[in-house]
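**Q** Take a look at this one; I'll ask things after.
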Amino acid sequence: MNSKYFLNYKSTCVLLVLLIQTVFANSCVAFQAPGKEGDSIRINQVGFYPNAPKKAIILNTKDTIFYIETIQKKQVFKGVLNVSTKPSFAGVLTSIADFTNFHTPGKYILHVADAGYSHPFEIKKAVHKDVADAAIKAYYFMRASIPLKEKYAGKWSRAEGHPDIAVLVHSSAATDKRPAGTIISAQRGWYDAGDYNKYIVNSGISTSTLLSLYEDFPIYMKTVKLNIPESGNGVPDVLNEALWNLRWMLTMQDPNDGGVYNKLTNAAFDKFEMPDQSTSPRYVVEKGTAATLDFAAVMAQASRIFSNYPKELPGLADSCLKQAKTAWAWAVTHPDSVYNQDAMNKKYSPLITTGGYGDWNFKDEFIWAASELLVTTHDTIYLKNINLIPDKSMPVPTWNQVKLLGYYTLIKNSNTLGVSAPKELPEIERRMLAFADDLINGAGETAYQTVMDKSRRSFGWGSNSAAANQGVALIQAWKLSNNPEYLTYALSNLDYILGRNGTGYSFVTGYGSKTPMHPHHRPSASDGVIDPIPGMLVGGPNPGMQDGIKVPSIVPDEAYIDDERAYAANEIAINWNAPLAYLANALEALQNELNIPAKKK
Ligand code: 9MR
Ligand code: 9MR
């Protein structure tokens, strides 16, 4: 035998496996250096509702039995492991520990003799309450134009960044009334992500998702208190937080023509520095159809919601609706103003090299804006020239695909529409349920028992937001049908995000035992605090490696690295946190609906 095999432990194993498969394969496993606690057991590291489904996935086990034990290792439940029907993307069958029938609240670990112990987890009511709150509170930490006081921000308190009271109109956006260099004020807003820029397109879906969380679960969301500066002002905190961005968005419309600037940005990405140290000039850049329609949609929705707070927010609902209408009118006369940053940079200066959020197809933005305007005004004029069902596709929402946001709004408000209901509504409802069925069919056969691990196509830049948005879609389908299976599978994707996945990470900073410590996030990287800002969802597995940072595996659901430089896998972003906030809070609101009947003995 060639001695080079002995240089490498792994190759040795491979060779032995090939030679005498079963016998040595076992010893190969047995000789493996013991993994860290929890590595072979993939589980929601936060926990489970007492009466809801509970599963963990065991990798590399030959055992057939698992135990639930107290933290003091006292056995409280014993179950049989079942092998998954289908292999994981890595090509291996997994073992499934289902302890749904164990209901007793407490703090536990799961134990399999040859795989070791899981991370600890809890079984209790409101088990996701803290992470659900934190997912919204994360937006407070993303605020521009305000110092974060210790009272609200704890050890992450910081000075004000980006007052944005003197923003320049970029030459790409110049008009007679606002020539290049005109100074406007565009305060507030959330930083988009790891960077300090503010983009309307991405703000659109993010703000709307938070508004929808309130619109869909008003009773529960009124109980959610976030300890932010506005807390206690009579407006629910989720709306207070959404307002921080909404008020900025309102400044991004040119009052002279109704068009909306694509973004408020530095010319180039800042260094990794704290927000107050980043003082390069800021610009509003070129108006566009996508930005203007997303703006119209959000403002129409906001108007509907804030009309319930005339005392606390006088005039706000009217302003939102007025601005939504002028935005719509601009878009109708500018139906194809693409934001093409490269083309723009050939004509205008200074060069703008920050995020593009460029979109070339506005059919979906027209559908979304028309739907929100219709539901708010009951005026069918918005449906004129709009084909609500332009094709068969039912894409999970993303910043550049917002058709379903329109469908969600039409469906959930159908009972208020009366004669203004579009004739396509029954077909849209049918498609919504068929889409939900597509999502859940076969999820129970997958290696991790989630909707997310059905398709490798879900693993692109920001894949964790796909997991969260699939969950949101299932909750919409549940609202329409009351089919409890949709909720069960929405929960499976929260389990995915919190640890039952190919990496073993809980992808939300600060929640779980193994969570990202080095997100691509400028404040977390430069504030001198070891822990990153909590409640942020990182982008997640993405074999694309557009950032040039090598991930440990290019198997789709394993292509993740907790590296500060890895913006294609480990950045955070407002449009990723919003569906997490929706999913976690919606499941908190619906936790009693998740109850499964106790099995008859
Ligand atoms: O920090 C930037 C991040 O927010 C973006 O998502 C990413 C892609 O546009 O770009 C990051 O900025 C990097 C830039 O593109 C190239 N030079 C290094 C920057 C920081 O890592
Ligand atoms: O989330 C965006 C992703 O879908 C795109 O593929 C990627 C490259 O264009 O950009 C992502 O958005 C980034 C934005 O351009 C700048 N801020 C950070 C965003 C998250 O990485």
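Lettering and numbering for the structure tokens are positional, with chains as A, B, ... in the shown order, residues counted from 1 in each chain, and ligands counted from 1 in the shown order.
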Got a sec to check which residues lie within 8 Å of ligand 2, using only C-alpha atoms and all ligand atoms, and send them as a list in words?

**A**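 Counting only C-alpha atoms and all ligand atoms, the residues within 8 Å of ligand 2 come out as Asp192, Ala193, Gly194, Asp195, Asn197, Thr354, Gly355, Gly356, Tyr357, Gly358, Thr398, Trp399, Gly460, Trp461, Gly462, Gly539, Tyr567, Ala568, Glu571, Ile572, Ala573 and Asn575 of chain A.
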
**Q** Please, which residues of stretch 231-458 of chain A, numbered as in this document, come out strand (DSSP E) from DSSP, as number ranges by chain?

**A** A: 261-266, 282-287

**Q** What's around A:Val284 at 10 Å? Count only C-alpha atoms, leave out sequence neighbours fewer than 3 positions away in its own chain, and write the answer as a ChimeraX atom specification.

**A** /A:167-174,180-181,183-184,186,198-199,252,260-266,287

**Q** By how many Å are atom CA of A:Phe366 and atom CA of A:Ala297 apart?

**A**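 Pair atom CA of A:Phe366 / atom CA of A:Ala297 returns 8.9 Å.
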
**Q** Write out as a list in words the residues lying within 7 Å of A:Ala52, counting only C-alpha atoms and excluding same-chain residues fewer than 5 positions away.

**A** Thr100, Leu594, Asn595 and Ile596 of chain A

**Q** From the set A:Val529, A:Val375, A:Ala447, A:Ala329, which residue has the shortest atom-to-atom contact distance to A:Gly258, counting only C-alpha atoms?

**A**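 So, comparing all the options, the nearest one is A:Ala329.
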
**Q** Smallest atom-to-atom distance to A:Ala296: which of A:Lys325, A:Arg282, A:Lys155, A:Lys271, using only C-alpha atoms?

**A** A:Lys325

**Q** Any idea what's packed within 7 Å of A:Leu373, counting only C-alpha atoms, ignoring anything in its chain fewer than 2 positions away? Could you give it as a list in words?

**A**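 The residues that qualify are Ala297, Ala300, Ala369, Ala370, Ser371, Val375, Thr376, Thr377 and Tyr382 of chain A.
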
**Q** Save out the residues we just selected, all heavy atoms, as a PDB file, in the first residue's frame.

**A**
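The resulting file, part-v2.pdb, is shown below:
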```pdb
ATOM      1  N   ALA A 297     -47.242  50.978  -3.390  1.00  0.00           N
ATOM      2  CA  ALA A 297     -47.853  49.835  -2.698  1.00  0.00           C
ATOM      3  C   ALA A 297     -47.761  50.014  -1.180  1.00  0.00           C
ATOM      4  O   ALA A 297     -48.758  49.889  -0.457  1.00  0.00           O
ATOM      5  CB  ALA A 297     -47.160  48.538  -3.122  1.00  0.00           C
ATOM      6  N   ALA A 300     -49.953  52.906   0.107  1.00  0.00           N
ATOM      7  CA  ALA A 300     -51.383  52.583   0.096  1.00  0.00           C
ATOM      8  C   ALA A 300     -51.714  51.675   1.279  1.00  0.00           C
ATOM      9  O   ALA A 300     -52.715  51.870   1.987  1.00  0.00           O
ATOM     10  CB  ALA A 300     -51.764  51.917  -1.224  1.00  0.00           C
ATOM     11  N   ALA A 369     -48.826  47.086  -6.526  1.00  0.00           N
ATOM     12  CA  ALA A 369     -49.292  48.449  -6.240  1.00  0.00           C
ATOM     13  C   ALA A 369     -50.787  48.571  -6.532  1.00  0.00           C
ATOM     14  O   ALA A 369     -51.545  49.164  -5.748  1.00  0.00           O
ATOM     15  CB  ALA A 369     -48.488  49.460  -7.054  1.00  0.00           C
ATOM     16  N   ALA A 370     -51.235  47.999  -7.659  1.00  0.00           N
ATOM     17  CA  ALA A 370     -52.661  48.076  -8.009  1.00  0.00           C
ATOM     18  C   ALA A 370     -53.501  47.399  -6.925  1.00  0.00           C
ATOM     19  O   ALA A 370     -54.560  47.910  -6.533  1.00  0.00           O
ATOM     20  CB  ALA A 370     -52.902  47.407  -9.360  1.00  0.00           C
ATOM     21  N   SER A 371     -53.027  46.258  -6.425  1.00  0.00           N
ATOM     22  CA  SER A 371     -53.787  45.523  -5.402  1.00  0.00           C
ATOM     23  C   SER A 371     -53.915  46.340  -4.123  1.00  0.00           C
ATOM     24  O   SER A 371     -54.993  46.434  -3.534  1.00  0.00           O
ATOM     25  CB  SER A 371     -53.107  44.192  -5.079  1.00  0.00           C
ATOM     26  OG  SER A 371     -52.962  43.421  -6.246  1.00  0.00           O
ATOM     27  N   VAL A 375     -57.457  47.851  -2.682  1.00  0.00           N
ATOM     28  CA  VAL A 375     -57.988  47.460  -1.372  1.00  0.00           C
ATOM     29  C   VAL A 375     -58.186  48.694  -0.477  1.00  0.00           C
ATOM     30  O   VAL A 375     -59.157  48.788   0.271  1.00  0.00           O
ATOM     31  CB  VAL A 375     -57.058  46.423  -0.699  1.00  0.00           C
ATOM     32  CG1 VAL A 375     -57.403  46.242   0.773  1.00  0.00           C
ATOM     33  CG2 VAL A 375     -57.167  45.086  -1.426  1.00  0.00           C
ATOM     34  N   THR A 376     -57.294  49.671  -0.590  1.00  0.00           N
ATOM     35  CA  THR A 376     -57.416  50.853   0.261  1.00  0.00           C
ATOM     36  C   THR A 376     -58.522  51.785  -0.219  1.00  0.00           C
ATOM     37  O   THR A 376     -59.243  52.358   0.594  1.00  0.00           O
ATOM     38  CB  THR A 376     -56.063  51.599   0.321  1.00  0.00           C
ATOM     39  OG1 THR A 376     -55.097  50.711   0.885  1.00  0.00           O
ATOM     40  CG2 THR A 376     -56.146  52.838   1.204  1.00  0.00           C
ATOM     41  N   THR A 377     -58.666  51.924  -1.545  1.00  0.00           N
ATOM     42  CA  THR A 377     -59.625  52.925  -2.063  1.00  0.00           C
ATOM     43  C   THR A 377     -60.930  52.328  -2.579  1.00  0.00           C
ATOM     44  O   THR A 377     -61.909  53.058  -2.755  1.00  0.00           O
ATOM     45  CB  THR A 377     -59.006  53.686  -3.257  1.00  0.00           C
ATOM     46  OG1 THR A 377     -58.761  52.739  -4.309  1.00  0.00           O
ATOM     47  CG2 THR A 377     -57.705  54.367  -2.857  1.00  0.00           C
ATOM     48  N   TYR A 382     -57.619  51.229 -10.697  1.00  0.00           N
ATOM     49  CA  TYR A 382     -56.249  50.704 -10.600  1.00  0.00           C
ATOM     50  C   TYR A 382     -56.083  49.365 -11.312  1.00  0.00           C
ATOM     51  O   TYR A 382     -54.963  48.936 -11.567  1.00  0.00           O
ATOM     52  CB  TYR A 382     -55.822  50.602  -9.126  1.00  0.00           C
ATOM     53  CG  TYR A 382     -55.796  51.973  -8.491  1.00  0.00           C
ATOM     54  CD1 TYR A 382     -56.774  52.368  -7.572  1.00  0.00           C
ATOM     55  CD2 TYR A 382     -54.821  52.896  -8.844  1.00  0.00           C
ATOM     56  CE1 TYR A 382     -56.782  53.641  -7.027  1.00  0.00           C
ATOM     57  CE2 TYR A 382     -54.822  54.177  -8.307  1.00  0.00           C
ATOM     58  CZ  TYR A 382     -55.800  54.546  -7.400  1.00  0.00           C
ATOM     59  OH  TYR A 382     -55.800  55.812  -6.880  1.00  0.00           O
TER      60      TYR A 382
END
```

**Q** Name the residues of stretch 50-171 of chain A that fall into helix (DSSP H, G or I) according to DSSP on the backbone, using the chain letters and numbers of this document, as number ranges by chain.

**A** A: 129-141, 150-156, 171

**Q** Could you tell me which of A:His521, A:Lys479, A:Lys137, A:Arg500 comes closest to A:Glu593 if we count only C-alpha atoms?

**A**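 Going through A:His521, A:Lys479, A:Lys137, A:Arg500 one by one, the smallest distance to A:Glu593 is for A:Lys479.
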